[in-house]
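Visitor: Let me give you the structure first, and then I'll get to my questions.
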Amino acid sequence: MTNDLQFDLLVVGGGINGAGIARDAAGRGLRVLLCEKDDLAGHTSSASTKLIHGGLRYLEYYEFGLVRKALKEREVLLRAAPHIIWPLRFVMPHVPHLRPAWMIRLGLFLYDHLSKRELLPGSTGVNLKNSQLGAPLQSSMHKGFVYSDAWVDDARLVVLNAMDAQERGACILTRTKLQSAHREAGVWQATLLKDQQTEIKVTARAIVNAAGPWASELLHQHLHQTARNEVRLVKGSHIVVKKMFEHDHAYIFQNPDKRIIFAIPYEHEFTLIGTTDLEYKGDAGAVNISTDEVSYLCESANRYFKQSIKSADVVWTYSGVRPLLEQEDADNPSAVTRDYHLELDTDQDQAPILSVFGGKITTFRCLAEEAVNMLTGPLGIMKGPWTAPASLPGGDIPNADFNGFLRHIEAQFSWLPSSIVYRYARNYGTRALTLLADCHSLQDLGEQLMPGLYEAEVRYLVEHEWARSTDDILWRRTKLGLHATTAGTDALEQLVMRLLAALPRRIVAF
Ligand SMILES: Cc1cc2nc3c(=O)[nH]c(=O)nc-3n(C[C@H](O)[C@H](O)[C@H](O)COP(=O)(O)OP(=O)(O)OC[C@H]3O[C@@H](n4cnc5c(N)ncnc54)[C@H](O)[C@@H]3O)c2cc1C
C-alpha cells in the first residue's frame, strides 16, 4: 500500500462532531481525511431524541451557559438546513406536585430570553380542557405550558456535514477504522483498516479524536496517549408506537423520579417516546433497549395519555450511549453535564491531537468551530470561522422558507406523488434536483423496491451519500425501515450490490 497519503488533519469518527469538524477544517483550506469505522452516524448521532434544543431541564442544574449557547445555535441551524431542521412546539402538562407553576414559568421566561430569538415563537400557557392539545391527555390534566424548540433528522445532519466537507476537498472514508498512530518526525503516522481488510497508511499533521463513546479507548489503546479527561457512557433508549395523537405538537412529560420524557410526532404515522438515562459499562457498539426501559417508557406515557400502551405496541426501538464528559461530582447520570470539553495535546511541540469529550447534536457547529480555532496556531490556519451563516447541502432554500420551496418543487415535478415529493424535499432539500435530474415521469425513477422507494433514490444515496448497505438506506439516510417488507429489503440489497459493483473504484475505495 502507498505510504505517501499526506493530510493536515485526520479526523477519527464520523458522528456529528467528527463530520462537523471535518467540514469546518476543509472550509478553512486544510487537507482533511475523515475515517469512520462503520457508517456515518452509525452510533450515537443517529440514536438521539433528535431535538435542536436549549435543554429546558438543564436550567435546573444551573447550566445557563450551555443553555444560552444551545438556544443561540437553534436559530443558526434552522437557517442552515431548513429541510431537515424545523420548529417544533412542546406541550408540558402541569402537575403541581412535581414542579410548581411559578418554577416552570420562571424556567420558560429564561428559556425565551437567554438568547435572541427571531424564528421561533415564545412560550405561553394553555388550557388543556378546551384545546386539541389536551384531547389525548387524561382528564386530570387541566393546565399546561407551550414552548418552542426544533426537530432535526440527526443522521442526515451528519451526512450533510460530510458531504459539505467532501465538496470542500475533504476525503471521507467510511467503514475505515483507525488501527494505530504514532508521532514521528513531527507528524502522525497512522494505519487505517478499510472494510476490515485493506491497510492504508497515511500521515497527518494533527489528529482529531471525535470517536464519541470510544474517545477514551482510542486515546489509550490505539494511540497510547494519556488524557486529563475521560468519557462517561450514559445509555438512552427510545420506543416508537403507532401515532397517539393527531396534532403536530410534541409533549414533554415530567416523571416522579424528576426526569422528563418526550412524546414526539414521528414519520407521520408514529409517536416517538424517550428517553431513558442509565449508566452504561458494556460495549458501546452493542447497545440495546432492555425490557425494564420499555416498561419505564410505557408507564411514563401511560401516566399522561388516555390511550394506554404496553410493550406489544412497540413497533421499533433504538438505543445509544451519550459520550459525556466524566465529572467526579456527578453521581446521577441525568446530572452529568451535556456541555463539551476539548482537550488539545501538543506534547512538547509535537504533532497535536485534539480530543472531544461530551457535547450535543445541537452544539456540534460551535464545537467544530472552537476545535478548528484551537488548531489555528499549531497548523498555521489563516482562514477564520465561516460556518455560522453557511447552508448545509440542500439547505440553500431562499429565506429558509421550506413551504415555499415545497410548493415550487411540487409544481416542477407535478408527475410525482405528493408524499414522495414531500419526502424528497424534506430529506434532500435543493439536492432533490440532483436526485431527479433527467427524470420526467415516474418510469424514469426506475424500479420501485418498496412503496415510495425507487431506484433513482437508491442510486443517489449510493453515489452521493456513502450508502453501502440496506440499513444505511432504511434507517439512517431515510426512515423507510419503518415500512419495509422482507421482499422489498431483499430487492434493495440486490440493487445496492449492483450499484456498488458499477461504481468507479475511486468512490468505493481510496
Ligand atoms: C439517547 C440520546 C438522546 C440524545 N438526544 C439529543 C437531543 O435530542 N439533542 C441533542 O442535541 N443531543 C442529543 N444527544 C446527544 C448527541 O446525540 C451526542 O452528543 C452526539 O451524537 C455525539 O456525537 P459524536 O460524534 O461525539 O459521537 P458518535 O455519533 O458516536 O460518533 C463517534 C464515531 O466514531 C467512530 N469511531 C470510534 N472509534 C473509531 C476508530 N478507531 N476509527 C474510526 N472511527 C471510529 C464510531 O464508529 C462513531 O460513529 C442524545 C444522545 C443520546 C444517547
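We label chains A, B, ... in the order they appear in the C-alpha cells, count residues from 1 in each chain, and number ligands from 1 in the order shown.
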Would you write out, as a tab-separated table, a table of all residues in range 193-223 of chain A that have an atom no more than 12 Å from an atom of range 364-375 of chain A, listing for each the closest atom pair and the distance in Å to one decimal, considering only C-alpha atoms and ordering rows by chain and rising residue number?

Guide:
residue	atom	partner	partner_atom	distance
A:Arg205	CA	A:Leu375	CA	10.4
A:Ala206	CA	A:Leu375	CA	8.4
A:Ile207	CA	A:Leu375	CA	10.0
A:Val208	CA	A:Ala371	CA	8.6
A:Asn209	CA	A:Ala371	CA	10.7
A:Ala210	CA	A:Ala368	CA	10.2

Visitor: Next, the residues of the selection above should be written as a compact mmCIF listing (two decimals), in the first residue's frame with N, CA and C atoms.

Guide:
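Written out: out_10.txt:
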# COMPACT_ATOMS: atom_id res chain seq x y z
N ARG A 205 -0.70 16.04 9.98
CA ARG A 205 -0.02 16.98 10.88
C ARG A 205 -0.73 17.05 12.24
N ALA A 206 -2.00 16.68 12.25
CA ALA A 206 -2.74 16.67 13.52
C ALA A 206 -3.84 15.62 13.44
N ILE A 207 -4.26 15.14 14.61
CA ILE A 207 -5.39 14.20 14.69
C ILE A 207 -6.49 14.84 15.53
N VAL A 208 -7.73 14.64 15.09
CA VAL A 208 -8.87 14.95 15.96
C VAL A 208 -9.52 13.64 16.37
N ASN A 209 -9.63 13.46 17.67
CA ASN A 209 -10.28 12.28 18.21
C ASN A 209 -11.74 12.63 18.48
N ALA A 210 -12.60 12.28 17.51
CA ALA A 210 -14.04 12.53 17.66
C ALA A 210 -14.75 11.18 17.69

Visitor: Return as number ranges by chain the full set of residues in range 30-175 of chain A whose backbone-based DSSP assignment is strand (DSSP E or B).

Guide: A: 32-35, 51-52, 85-93, 124-127, 137, 143-152, 171-173

Visitor: Within range 251-465 of chain A, find each residue whose DSSP state, derived from the backbone, is helix (DSSP H, G or I), and express the selection as a PyMOL selection string.

Guide: chain A and resi 291-302+311-313+333-335+364-379+398-400+402-412+418-435+442-445+455-464

Visitor: Write out as a PyMOL selection string which residues come within 12 Å of Ile260 in chain A when counting only C-alpha atoms, dropping same-chain ones fewer than 5 positions away.

Guide: chain A and resi 55-58+92-93+98-99+251-255+273-277+296-297+300-301+334

Visitor: Which residue, A:Ile16, A:Leu5, A:Leu445, A:Ala162, has the smallest gap to Ala190 in chain A when you use only C-alpha atoms?

Guide: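 Answer, going by the shortest atom-to-atom distance: A:Leu5.
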
Visitor: Write out as a list in words the residues lying within 9 Å of Lys306 in chain A, counting only C-alpha atoms and excluding same-chain residues fewer than 3 positions away.

Guide: Ala135, Pro136, Leu137, Gln138, Ser139, Asn302 and Arg303 of chain A

Visitor: Excluding range 458-475 of chain A and residues on its chain fewer than 6 positions from it, collect all residues at most 6 Å away from it, counting only C-alpha atoms, and give them as a PyMOL selection string.

Guide: chain A and resi 435+481+493

Visitor: May I have the residues within 7 Å of range 417-433 of chain A as a short mmCIF file (atom, residue, chain, number, x, y, z; two decimals) with all heavy atoms, in the first residue's frame, using only C-alpha atoms and disregarding those fewer than 3 positions away in the same chain?

Guide:
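So part13.cif came out as:
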data_model
loop_
_atom_site.label_atom_id
_atom_site.label_comp_id
_atom_site.auth_asym_id
_atom_site.auth_seq_id
_atom_site.Cartn_x
_atom_site.Cartn_y
_atom_site.Cartn_z
N HIS A 83 -34.55 22.15 5.58
CA HIS A 83 -35.25 20.94 5.13
C HIS A 83 -35.23 19.86 6.21
O HIS A 83 -36.22 19.17 6.41
CB HIS A 83 -34.67 20.42 3.81
CG HIS A 83 -33.19 20.20 3.79
ND1 HIS A 83 -32.27 21.03 4.41
CD2 HIS A 83 -32.44 19.24 3.18
CE1 HIS A 83 -31.06 20.59 4.19
NE2 HIS A 83 -31.13 19.50 3.46
N ILE A 84 -34.12 19.72 6.92
CA ILE A 84 -34.06 18.63 7.91
C ILE A 84 -34.20 19.14 9.36
O ILE A 84 -34.19 18.35 10.29
CB ILE A 84 -32.76 17.80 7.77
CG1 ILE A 84 -31.53 18.69 7.95
CG2 ILE A 84 -32.72 17.04 6.45
CD1 ILE A 84 -30.31 17.91 8.41
N GLY A 394 -28.23 21.20 0.30
CA GLY A 394 -29.69 21.09 0.18
C GLY A 394 -30.43 22.14 0.99
O GLY A 394 -31.64 22.32 0.85
N GLY A 395 -29.70 22.85 1.86
CA GLY A 395 -30.35 23.82 2.74
C GLY A 395 -30.37 25.23 2.18
O GLY A 395 -30.82 26.17 2.86
N ASP A 396 -29.89 25.40 0.94
CA ASP A 396 -29.88 26.74 0.34
C ASP A 396 -31.26 27.08 -0.21
O ASP A 396 -31.44 27.32 -1.40
CB ASP A 396 -28.79 26.84 -0.74
CG ASP A 396 -28.88 25.69 -1.75
OD1 ASP A 396 -29.53 24.67 -1.43
OD2 ASP A 396 -28.31 25.82 -2.84
N ILE A 397 -32.22 27.09 0.70
CA ILE A 397 -33.62 27.36 0.36
C ILE A 397 -33.87 28.85 0.64
O ILE A 397 -33.59 29.31 1.76
CB ILE A 397 -34.53 26.47 1.24
CG1 ILE A 397 -34.36 25.00 0.84
CG2 ILE A 397 -35.98 26.93 1.18
CD1 ILE A 397 -35.04 24.01 1.77
N LEU A 406 -41.26 23.81 -1.10
CA LEU A 406 -42.07 22.62 -1.39
C LEU A 406 -43.06 22.92 -2.52
O LEU A 406 -43.20 22.12 -3.47
CB LEU A 406 -42.81 22.18 -0.12
CG LEU A 406 -43.70 20.95 -0.25
CD1 LEU A 406 -42.89 19.71 -0.64
CD2 LEU A 406 -44.45 20.68 1.06
N GLU A 410 -43.12 20.96 -5.99
CA GLU A 410 -44.35 20.24 -6.35
C GLU A 410 -44.81 20.64 -7.75
O GLU A 410 -45.24 19.80 -8.54
CB GLU A 410 -45.47 20.58 -5.35
CG GLU A 410 -45.46 19.70 -4.12
CD GLU A 410 -46.44 20.18 -3.05
OE1 GLU A 410 -46.93 21.33 -3.13
OE2 GLU A 410 -46.69 19.40 -2.13
N LEU A 436 -33.40 14.03 -8.99
CA LEU A 436 -34.42 13.96 -10.03
C LEU A 436 -33.93 14.43 -11.40
O LEU A 436 -34.73 14.52 -12.34
CB LEU A 436 -35.63 14.80 -9.61
CG LEU A 436 -36.45 14.21 -8.44
CD1 LEU A 436 -37.39 15.25 -7.85
CD2 LEU A 436 -37.22 12.99 -8.90
N ALA A 437 -32.62 14.71 -11.49
CA ALA A 437 -32.10 15.18 -12.80
C ALA A 437 -32.42 14.13 -13.86
O ALA A 437 -32.28 12.93 -13.63
CB ALA A 437 -30.59 15.39 -12.69
N GLY A 452 -42.83 3.73 -2.28
CA GLY A 452 -42.17 5.03 -2.13
C GLY A 452 -40.66 5.02 -2.33
O GLY A 452 -40.04 6.08 -2.35
#

Visitor: Pick the closest to Glu279 in chain A from A:Leu499, A:Phe413, A:Ala335, A:Met141: which is it, counting only C-alpha atoms?

Guide: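 Once distances to Glu279 in chain A are computed over only C-alpha atoms, the minimum belongs to A:Ala335.
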
Visitor: Could you tell me which of A:Asp283, A:Asp164, A:Asp331, A:Asp8 comes closest to ligand 1 if we count only C-alpha atoms and all ligand atoms?

Guide: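 The answer is A:Asp283, which sits nearest to ligand 1.
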
Visitor: As an mmCIF file with N, CA and C atoms, in the first residue's frame, please: the residues near Leu193 in chain A (cut-off 12 Å, only C-alpha atoms, same-chain neighbours under 6 positions excluded).

Guide:
data_model
loop_
_atom_site.group_PDB
_atom_site.id
_atom_site.type_symbol
_atom_site.label_atom_id
_atom_site.label_comp_id
_atom_site.auth_asym_id
_atom_site.auth_seq_id
_atom_site.Cartn_x
_atom_site.Cartn_y
_atom_site.Cartn_z
ATOM 1 N N MET A 1 0.843 -1.196 0.000
ATOM 2 C CA MET A 1 0.000 0.000 0.000
ATOM 3 C C MET A 1 0.879 1.248 0.000
ATOM 4 N N CYS A 35 -12.033 9.393 8.895
ATOM 5 C CA CYS A 35 -12.275 7.944 8.829
ATOM 6 C C CYS A 35 -13.322 7.559 9.864
ATOM 7 N N GLU A 36 -14.266 6.762 9.424
ATOM 8 C CA GLU A 36 -15.349 6.271 10.290
ATOM 9 C C GLU A 36 -15.352 4.754 10.187
ATOM 10 N N LYS A 37 -15.300 4.070 11.321
ATOM 11 C CA LYS A 37 -15.149 2.614 11.275
ATOM 12 C C LYS A 37 -16.402 1.901 10.753
ATOM 13 N N ASP A 38 -17.573 2.551 10.901
ATOM 14 C CA ASP A 38 -18.817 1.934 10.419
ATOM 15 C C ASP A 38 -19.443 2.862 9.377
ATOM 16 N N LEU A 173 -13.767 8.581 4.413
ATOM 17 C CA LEU A 173 -13.682 7.123 4.289
ATOM 18 C C LEU A 173 -14.578 6.476 5.320
ATOM 19 N N THR A 174 -15.655 5.831 4.865
ATOM 20 C CA THR A 174 -16.484 5.086 5.811
ATOM 21 C C THR A 174 -15.972 3.651 5.863
ATOM 22 N N ARG A 175 -16.488 2.894 6.847
ATOM 23 C CA ARG A 175 -16.045 1.500 7.048
ATOM 24 C C ARG A 175 -14.515 1.436 7.125
ATOM 25 N N THR A 176 -13.931 2.440 7.743
ATOM 26 C CA THR A 176 -12.466 2.525 7.828
ATOM 27 C C THR A 176 -12.073 2.899 9.253
ATOM 28 N N LYS A 177 -11.377 1.965 9.903
ATOM 29 C CA LYS A 177 -11.056 2.150 11.316
ATOM 30 C C LYS A 177 -9.630 2.659 11.485
ATOM 31 N N LEU A 178 -9.449 3.580 12.416
ATOM 32 C CA LEU A 178 -8.071 3.932 12.771
ATOM 33 C C LEU A 178 -7.555 2.814 13.670
ATOM 34 N N GLN A 179 -6.524 2.107 13.196
ATOM 35 C CA GLN A 179 -5.972 0.992 13.967
ATOM 36 C C GLN A 179 -4.954 1.483 14.978
ATOM 37 N N SER A 180 -4.037 2.333 14.498
ATOM 38 C CA SER A 180 -2.968 2.813 15.374
ATOM 39 C C SER A 180 -2.365 4.066 14.757
ATOM 40 N N ALA A 181 -1.706 4.842 15.607
ATOM 41 C CA ALA A 181 -0.976 6.017 15.097
ATOM 42 C C ALA A 181 0.099 6.370 16.107
ATOM 43 N N GLU A 199 -5.237 -2.348 4.399
ATOM 44 C CA GLU A 199 -4.495 -1.398 5.232
ATOM 45 C C GLU A 199 -4.142 -0.146 4.445
ATOM 46 N N ILE A 200 -4.345 1.001 5.043
ATOM 47 C CA ILE A 200 -3.973 2.267 4.399
ATOM 48 C C ILE A 200 -3.083 3.023 5.377
ATOM 49 N N LYS A 201 -1.923 3.459 4.888
ATOM 50 C CA LYS A 201 -1.030 4.232 5.758
ATOM 51 C C LYS A 201 -1.088 5.690 5.336
ATOM 52 N N VAL A 202 -1.279 6.565 6.305
ATOM 53 C CA VAL A 202 -1.353 7.995 5.993
ATOM 54 C C VAL A 202 -0.520 8.768 7.009
ATOM 55 N N ALA A 509 -13.393 2.677 -3.028
ATOM 56 C CA ALA A 509 -12.160 2.502 -2.267
ATOM 57 C C ALA A 509 -11.432 3.839 -2.196
ATOM 58 N N PHE A 510 -10.238 3.789 -1.695
ATOM 59 C CA PHE A 510 -9.487 5.012 -1.508
ATOM 60 C C PHE A 510 -8.523 5.198 -2.662
#

Visitor: So, counting only C-alpha atoms, which residue among A:Gly358, A:Gly320, A:Gly125, A:Gly186 is closest to Ser237 in chain A?

Guide: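 Among the listed residues, the smallest separation from Ser237 in chain A belongs to A:Gly320.
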
Visitor: One number please: CA of Ala215 in chain A to CA of Ala41 in chain A, in Å, one decimal.

Guide: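 Interatomic distance, CA of Ala215 in chain A to CA of Ala41 in chain A: 15.3 Å.
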